[in-house]
Amino acid sequence: MKSILLFTGLCVALFSKLYAQDAKPVKDWLNRLSIDKNNIVITKNINQDDVFKTWAKDGVLHIEGGSTSALCFGIGQALKSHGFFHMSWEGNRQVNDIVWPDQEMKTGQSQFKYRSYLNACTFGYSTPWWDWDRWEKEIDWMALRGINMPTAMMGQEYIWKQIWNELGISDQKLQDYFPGPAFLPWHRMGNLNGHNGPLPYSFMEREMNLQKRVLARMRELELKPVVPAFSGYVPKALKEIYPKAKIHEMKPWSGLNSHTYFLDPKDPLFKIISGLFIKKYTEVYGKCDYFLADAFNEMDPPVSKENKNKELRE
């Protein structure tokens, strides 16, 4: 009998510990939003995947969900439906001392498996000057709104500098390659090189450290970040080091006097550089599952007019 009681007690203790670990990211998120977590009972049930269920009784909200992302979204929907909380870029509006009205069980699920947010261009403009506090608020906003596949493009120049150096390109020759911070998205997509540069190494390091924190928080909330990959654009100096590589000189974009250089995907060097980037990126930022390579933003692919469709297919 004592053995049974001891075993039962051990199971309860293990379950309580597991429950606390599962609920902690959601409770931390509620703390950051200044939402009272004491009248919200959170249960994570991995069998439900991206589904959440909510009900309320005696002033307490109960929520059950298959992921941290689903739990945050479910709480966000419950807060919204009662007008208890609104979060925006201009500020928040919330009701203090929330008492949840009784509610029968409701099941919620987005009609879309993946809810993406932020495109490649949004990592220019003002975002290069966001600090961690600003990014933390943005990620919390994503969780509240049910975003589960955010784009995360920062910190890649720190990796690219290492790769270009390893392939024989000096820092001096990279001075005219990387642009100023606000123009990085269009550099990554092959529209321009060096515009309002050079890019300070201190900025690359800052973005690397910031990206680590951003990815860690996204993973904590069980979001699925989309990170960069090699789209094919290379420094001009690579033509000198690999004269046999098929590197195309692209036409200037949007009236700028700036040529960019595109490595043909069928060239063996493309696979080498792509593999190097994924390897080094993973070493610095950890394993990622989704990658974005945006090659032709308002740019004409280097294909012939006569066989355009055939060449694009190949």
# chains A, B, ... in the order shown; residues from 1 in each chain; ligands from 1
>>> residues_around(residues="range 75-83 of chain A", least_positions_apart="3", cutoff="7 Å", atoms="only C-alpha atoms", output="VMD selection string")
chain A and resid 71 to 72 86 144 to 145
>>> write_last_selection(atoms="all heavy atoms", output="PDB file, in the first residue's frame")
ATOM      1  N   LEU A  71      -1.989  28.309 -27.171  1.00  0.00           N
ATOM      2  CA  LEU A  71      -2.453  28.797 -25.876  1.00  0.00           C
ATOM      3  C   LEU A  71      -2.460  30.326 -25.825  1.00  0.00           C
ATOM      4  O   LEU A  71      -3.427  30.940 -25.358  1.00  0.00           O
ATOM      5  CB  LEU A  71      -1.572  28.237 -24.757  1.00  0.00           C
ATOM      6  CG  LEU A  71      -1.724  26.741 -24.469  1.00  0.00           C
ATOM      7  CD1 LEU A  71      -0.562  26.235 -23.618  1.00  0.00           C
ATOM      8  CD2 LEU A  71      -3.054  26.448 -23.792  1.00  0.00           C
ATOM      9  N   CYS A  72      -1.390  30.945 -26.326  1.00  0.00           N
ATOM     10  CA  CYS A  72      -1.329  32.413 -26.350  1.00  0.00           C
ATOM     11  C   CYS A  72      -2.422  32.986 -27.244  1.00  0.00           C
ATOM     12  O   CYS A  72      -3.096  33.963 -26.885  1.00  0.00           O
ATOM     13  CB  CYS A  72       0.039  32.870 -26.842  1.00  0.00           C
ATOM     14  SG  CYS A  72       1.402  32.535 -25.697  1.00  0.00           S
ATOM     15  N   HIS A  86      -6.333  45.157 -25.475  1.00  0.00           N
ATOM     16  CA  HIS A  86      -5.992  45.448 -26.869  1.00  0.00           C
ATOM     17  C   HIS A  86      -4.547  45.931 -26.903  1.00  0.00           C
ATOM     18  O   HIS A  86      -4.153  46.813 -26.137  1.00  0.00           O
ATOM     19  CB  HIS A  86      -6.912  46.525 -27.446  1.00  0.00           C
ATOM     20  CG  HIS A  86      -6.532  46.932 -28.839  1.00  0.00           C
ATOM     21  ND1 HIS A  86      -6.740  46.119 -29.940  1.00  0.00           N
ATOM     22  CD2 HIS A  86      -5.935  48.059 -29.311  1.00  0.00           C
ATOM     23  CE1 HIS A  86      -6.300  46.729 -31.033  1.00  0.00           C
ATOM     24  NE2 HIS A  86      -5.801  47.905 -30.668  1.00  0.00           N
ATOM     25  N   LEU A 144       0.013  37.032 -29.467  1.00  0.00           N
ATOM     26  CA  LEU A 144      -1.359  37.446 -29.162  1.00  0.00           C
ATOM     27  C   LEU A 144      -2.264  37.300 -30.373  1.00  0.00           C
ATOM     28  O   LEU A 144      -3.442  36.937 -30.252  1.00  0.00           O
ATOM     29  CB  LEU A 144      -1.353  38.905 -28.687  1.00  0.00           C
ATOM     30  CG  LEU A 144      -2.682  39.500 -28.246  1.00  0.00           C
ATOM     31  CD1 LEU A 144      -3.077  38.977 -26.872  1.00  0.00           C
ATOM     32  CD2 LEU A 144      -2.601  41.033 -28.223  1.00  0.00           C
ATOM     33  N   ARG A 145      -1.738  37.563 -31.555  1.00  0.00           N
ATOM     34  CA  ARG A 145      -2.525  37.565 -32.787  1.00  0.00           C
ATOM     35  C   ARG A 145      -2.520  36.219 -33.513  1.00  0.00           C
ATOM     36  O   ARG A 145      -3.084  36.102 -34.594  1.00  0.00           O
ATOM     37  CB  ARG A 145      -2.023  38.662 -33.729  1.00  0.00           C
ATOM     38  CG  ARG A 145      -2.118  40.075 -33.148  1.00  0.00           C
ATOM     39  CD  ARG A 145      -3.546  40.425 -32.792  1.00  0.00           C
ATOM     40  NE  ARG A 145      -3.656  41.718 -32.147  1.00  0.00           N
ATOM     41  CZ  ARG A 145      -3.942  42.869 -32.776  1.00  0.00           C
ATOM     42  NH1 ARG A 145      -4.125  42.862 -34.079  1.00  0.00           N
ATOM     43  NH2 ARG A 145      -4.046  43.992 -32.110  1.00  0.00           N
TER      44      ARG A 145
END
>>> residues_around(residues="range 277-288 of chain A", least_positions_apart="2", cutoff="12 Å", atoms="only C-alpha atoms", output="number ranges by chain")
A: 149, 151-164, 166, 205, 207-216, 218-219, 223-232, 270-275, 290-293
>>> residues_around(residues="Met142 in chain A", least_positions_apart="3", cutoff="10 Å", atoms="only C-alpha atoms", output="PyMOL selection string")
chain A and resi 69+72-73+115-117+136-139+145-150+218+221+223
>>> write_last_selection(atoms="C-alpha atoms", output="tab-separated table (two decimals), in the first residue's frame")
chain	number	residue	atom	x	y	z
A	69	SER	CA	1.48	29.38	-29.64
A	72	CYS	CA	-1.33	32.41	-26.35
A	73	PHE	CA	-3.64	32.84	-29.33
A	115	ARG	CA	0.30	32.30	-40.25
A	116	SER	CA	3.29	34.23	-41.57
A	117	TYR	CA	4.35	37.75	-40.63
A	136	GLU	CA	10.22	41.67	-27.39
A	137	LYS	CA	7.00	43.68	-27.70
A	138	GLU	CA	6.67	42.75	-31.36
A	139	ILE	CA	7.05	39.03	-30.65
A	145	ARG	CA	-2.52	37.56	-32.79
A	146	GLY	CA	-1.88	33.90	-33.61
A	147	ILE	CA	1.20	34.43	-35.78
A	148	ASN	CA	3.17	31.18	-35.81
A	149	MET	CA	5.61	31.63	-38.72
A	150	PRO	CA	7.42	34.97	-38.40
A	218	MET	CA	10.23	32.78	-30.85
A	221	LEU	CA	6.62	30.60	-27.66
A	223	LEU	CA	6.69	30.01	-33.21
>>> atom_distance(atom1="CA of Asn297 in chain A", atom2="CA of Glu240 in chain A")
26.2 Å
>>> residues_around(residues="Pro179 in chain A", least_positions_apart="2", cutoff="10 Å", atoms="only C-alpha atoms", output="PyMOL selection string")
chain A and resi 174-177+181-188+192-200
>>> atom_distance(atom1="CA of Asn31 in chain A", atom2="CA of Trp141 in chain A")
13.4 Å
>>> closest_residue(among="A:Tyr201, A:Gly180, A:Ala295, A:Asp289", to="Val234 in chain A", atoms="only C-alpha atoms")
A:Ala295
>>> closest_residue(among="A:Asn309, A:Ser258, A:Asn191, A:Thr43", to="Asp294 in chain A", atoms="only C-alpha atoms")
A:Asn191
>>> residues_around(residues="Met250 in chain A", least_positions_apart="6", cutoff="12 Å", atoms="only C-alpha atoms", output="ChimeraX atom specification")
/A:189-193,232-236,256-264,295-296,298-303
>>> residues_around(residues="Lys37 in chain A", least_positions_apart="3", cutoff="10 Å", atoms="only C-alpha atoms", output="number ranges by chain")
A: 26-31, 34, 40-42, 60-61
>>> select_by_dssp(residues="range 161-311 of chain A", states="strand (DSSP E or B)", output="list in words")
Val226, Val227, Pro228, Tyr233, Val234, Ile247, His248, Glu249, Tyr261, Phe262, Leu263, Tyr290, Phe291 and Leu292 of chain A
>>> select_by_dssp(residues="range 50-90 of chain A", states="alpha helix (DSSP H)", output="number ranges by chain")
A: 68-81
>>> closest_residue(among="A:Ser110, A:Thr127, A:Asn45, A:Ser170", to="Ala23 in chain A", atoms="only C-alpha atoms")
A:Asn45
>>> closest_residue(among="A:Gln48, A:Lys57, A:Glu90, A:Cys121", to="Thr107 in chain A", atoms="only C-alpha atoms")
A:Gln48
>>> closest_residue(among="A:Phe112, A:Lys266, A:Pro25, A:Asp36", to="Phe84 in chain A", atoms="only C-alpha atoms")
A:Asp36
>>> decode(residues="range 40-67 of chain A", atoms="N, CA, C and O atoms", output="PDB file, in the first residue's frame")
ATOM      1  N   ILE A  40      -6.311  32.445 -14.614  1.00  0.00           N
ATOM      2  CA  ILE A  40      -6.277  31.703 -15.874  1.00  0.00           C
ATOM      3  C   ILE A  40      -5.611  30.358 -15.617  1.00  0.00           C
ATOM      4  O   ILE A  40      -4.458  30.297 -15.176  1.00  0.00           O
ATOM      5  N   VAL A  41      -6.323  29.273 -15.860  1.00  0.00           N
ATOM      6  CA  VAL A  41      -5.771  27.928 -15.688  1.00  0.00           C
ATOM      7  C   VAL A  41      -5.340  27.416 -17.062  1.00  0.00           C
ATOM      8  O   VAL A  41      -6.157  27.320 -17.986  1.00  0.00           O
ATOM      9  N   ILE A  42      -4.069  27.094 -17.186  1.00  0.00           N
ATOM     10  CA  ILE A  42      -3.477  26.738 -18.480  1.00  0.00           C
ATOM     11  C   ILE A  42      -3.100  25.263 -18.492  1.00  0.00           C
ATOM     12  O   ILE A  42      -2.388  24.789 -17.605  1.00  0.00           O
ATOM     13  N   THR A  43      -3.562  24.556 -19.497  1.00  0.00           N
ATOM     14  CA  THR A  43      -3.227  23.137 -19.653  1.00  0.00           C
ATOM     15  C   THR A  43      -2.739  22.885 -21.074  1.00  0.00           C
ATOM     16  O   THR A  43      -3.433  23.236 -22.030  1.00  0.00           O
ATOM     17  N   LYS A  44      -1.573  22.301 -21.176  1.00  0.00           N
ATOM     18  CA  LYS A  44      -1.038  21.982 -22.494  1.00  0.00           C
ATOM     19  C   LYS A  44      -1.294  20.521 -22.802  1.00  0.00           C
ATOM     20  O   LYS A  44      -0.925  19.636 -22.032  1.00  0.00           O
ATOM     21  N   ASN A  45      -1.950  20.256 -23.924  1.00  0.00           N
ATOM     22  CA  ASN A  45      -2.277  18.892 -24.356  1.00  0.00           C
ATOM     23  C   ASN A  45      -1.755  18.708 -25.762  1.00  0.00           C
ATOM     24  O   ASN A  45      -2.348  19.184 -26.734  1.00  0.00           O
ATOM     25  N   ILE A  46      -0.611  18.038 -25.886  1.00  0.00           N
ATOM     26  CA  ILE A  46       0.055  17.950 -27.188  1.00  0.00           C
ATOM     27  C   ILE A  46      -0.754  17.173 -28.213  1.00  0.00           C
ATOM     28  O   ILE A  46      -0.491  17.250 -29.407  1.00  0.00           O
ATOM     29  N   ASN A  47      -1.753  16.437 -27.770  1.00  0.00           N
ATOM     30  CA  ASN A  47      -2.587  15.688 -28.719  1.00  0.00           C
ATOM     31  C   ASN A  47      -3.500  16.600 -29.533  1.00  0.00           C
ATOM     32  O   ASN A  47      -4.087  16.183 -30.521  1.00  0.00           O
ATOM     33  N   GLN A  48      -3.630  17.862 -29.100  1.00  0.00           N
ATOM     34  CA  GLN A  48      -4.539  18.785 -29.784  1.00  0.00           C
ATOM     35  C   GLN A  48      -3.851  19.607 -30.860  1.00  0.00           C
ATOM     36  O   GLN A  48      -4.496  20.386 -31.540  1.00  0.00           O
ATOM     37  N   ASP A  49      -2.552  19.492 -30.990  1.00  0.00           N
ATOM     38  CA  ASP A  49      -1.803  20.213 -32.009  1.00  0.00           C
ATOM     39  C   ASP A  49      -2.044  21.712 -31.895  1.00  0.00           C
ATOM     40  O   ASP A  49      -1.806  22.299 -30.851  1.00  0.00           O
ATOM     41  N   ASP A  50      -2.580  22.360 -32.925  1.00  0.00           N
ATOM     42  CA  ASP A  50      -2.725  23.817 -32.948  1.00  0.00           C
ATOM     43  C   ASP A  50      -4.134  24.262 -32.538  1.00  0.00           C
ATOM     44  O   ASP A  50      -4.554  25.364 -32.858  1.00  0.00           O
ATOM     45  N   VAL A  51      -4.862  23.405 -31.846  1.00  0.00           N
ATOM     46  CA  VAL A  51      -6.228  23.697 -31.419  1.00  0.00           C
ATOM     47  C   VAL A  51      -6.210  24.198 -29.979  1.00  0.00           C
ATOM     48  O   VAL A  51      -5.362  23.799 -29.188  1.00  0.00           O
ATOM     49  N   PHE A  52      -7.144  25.099 -29.642  1.00  0.00           N
ATOM     50  CA  PHE A  52      -7.301  25.490 -28.242  1.00  0.00           C
ATOM     51  C   PHE A  52      -8.774  25.414 -27.847  1.00  0.00           C
ATOM     52  O   PHE A  52      -9.667  25.555 -28.685  1.00  0.00           O
ATOM     53  N   LYS A  53      -9.000  25.160 -26.565  1.00  0.00           N
ATOM     54  CA  LYS A  53     -10.350  25.119 -26.009  1.00  0.00           C
ATOM     55  C   LYS A  53     -10.399  26.047 -24.803  1.00  0.00           C
ATOM     56  O   LYS A  53      -9.490  26.024 -23.958  1.00  0.00           O
ATOM     57  N   THR A  54     -11.441  26.872 -24.724  1.00  0.00           N
ATOM     58  CA  THR A  54     -11.574  27.787 -23.592  1.00  0.00           C
ATOM     59  C   THR A  54     -12.956  27.660 -22.971  1.00  0.00           C
ATOM     60  O   THR A  54     -13.947  27.420 -23.665  1.00  0.00           O
ATOM     61  N   TRP A  55     -13.005  27.795 -21.655  1.00  0.00           N
ATOM     62  CA  TRP A  55     -14.273  27.891 -20.935  1.00  0.00           C
ATOM     63  C   TRP A  55     -13.994  28.669 -19.649  1.00  0.00           C
ATOM     64  O   TRP A  55     -12.847  28.810 -19.224  1.00  0.00           O
ATOM     65  N   ALA A  56     -15.035  29.213 -19.040  1.00  0.00           N
ATOM     66  CA  ALA A  56     -14.860  30.021 -17.837  1.00  0.00           C
ATOM     67  C   ALA A  56     -15.918  29.657 -16.802  1.00  0.00           C
ATOM     68  O   ALA A  56     -17.076  29.387 -17.148  1.00  0.00           O
ATOM     69  N   LYS A  57     -15.495  29.679 -15.553  1.00  0.00           N
ATOM     70  CA  LYS A  57     -16.408  29.369 -14.447  1.00  0.00           C
ATOM     71  C   LYS A  57     -15.897  30.042 -13.181  1.00  0.00           C
ATOM     72  O   LYS A  57     -14.693  30.009 -12.896  1.00  0.00           O
ATOM     73  N   ASP A  58     -16.798  30.659 -12.443  1.00  0.00           N
ATOM     74  CA  ASP A  58     -16.480  31.311 -11.168  1.00  0.00           C
ATOM     75  C   ASP A  58     -15.352  32.331 -11.306  1.00  0.00           C
ATOM     76  O   ASP A  58     -14.458  32.429 -10.451  1.00  0.00           O
ATOM     77  N   GLY A  59     -15.395  33.080 -12.407  1.00  0.00           N
ATOM     78  CA  GLY A  59     -14.422  34.151 -12.607  1.00  0.00           C
ATOM     79  C   GLY A  59     -13.066  33.716 -13.109  1.00  0.00           C
ATOM     80  O   GLY A  59     -12.143  34.531 -13.212  1.00  0.00           O
ATOM     81  N   VAL A  60     -12.926  32.416 -13.421  1.00  0.00           N
ATOM     82  CA  VAL A  60     -11.632  31.876 -13.863  1.00  0.00           C
ATOM     83  C   VAL A  60     -11.745  31.376 -15.299  1.00  0.00           C
ATOM     84  O   VAL A  60     -12.703  30.674 -15.648  1.00  0.00           O
ATOM     85  N   LEU A  61     -10.752  31.737 -16.123  1.00  0.00           N
ATOM     86  CA  LEU A  61     -10.686  31.242 -17.493  1.00  0.00           C
ATOM     87  C   LEU A  61      -9.852  29.973 -17.525  1.00  0.00           C
ATOM     88  O   LEU A  61      -8.748  29.919 -16.980  1.00  0.00           O
ATOM     89  N   HIS A  62     -10.377  28.949 -18.171  1.00  0.00           N
ATOM     90  CA  HIS A  62      -9.640  27.702 -18.377  1.00  0.00           C
ATOM     91  C   HIS A  62      -9.303  27.596 -19.863  1.00  0.00           C
ATOM     92  O   HIS A  62     -10.167  27.821 -20.716  1.00  0.00           O
ATOM     93  N   ILE A  63      -8.069  27.265 -20.157  1.00  0.00           N
ATOM     94  CA  ILE A  63      -7.673  27.099 -21.555  1.00  0.00           C
ATOM     95  C   ILE A  63      -6.801  25.863 -21.694  1.00  0.00           C
ATOM     96  O   ILE A  63      -5.937  25.589 -20.861  1.00  0.00           O
ATOM     97  N   GLU A  64      -7.069  25.121 -22.728  1.00  0.00           N
ATOM     98  CA  GLU A  64      -6.306  23.923 -23.053  1.00  0.00           C
ATOM     99  C   GLU A  64      -5.880  24.027 -24.507  1.00  0.00           C
ATOM    100  O   GLU A  64      -6.672  24.385 -25.370  1.00  0.00           O
ATOM    101  N   GLY A  65      -4.602  23.755 -24.794  1.00  0.00           N
ATOM    102  CA  GLY A  65      -4.122  23.877 -26.161  1.00  0.00           C
ATOM    103  C   GLY A  65      -2.976  22.943 -26.448  1.00  0.00           C
ATOM    104  O   GLY A  65      -2.320  22.435 -25.531  1.00  0.00           O
ATOM    105  N   GLY A  66      -2.719  22.727 -27.730  1.00  0.00           N
ATOM    106  CA  GLY A  66      -1.705  21.770 -28.138  1.00  0.00           C
ATOM    107  C   GLY A  66      -0.315  22.347 -28.280  1.00  0.00           C
ATOM    108  O   GLY A  66       0.648  21.612 -28.479  1.00  0.00           O
ATOM    109  N   SER A  67      -0.172  23.669 -28.176  1.00  0.00           N
ATOM    110  CA  SER A  67       1.144  24.291 -28.282  1.00  0.00           C
ATOM    111  C   SER A  67       1.113  25.607 -27.521  1.00  0.00           C
ATOM    112  O   SER A  67       0.045  26.153 -27.232  1.00  0.00           O
TER     113      SER A  67
END
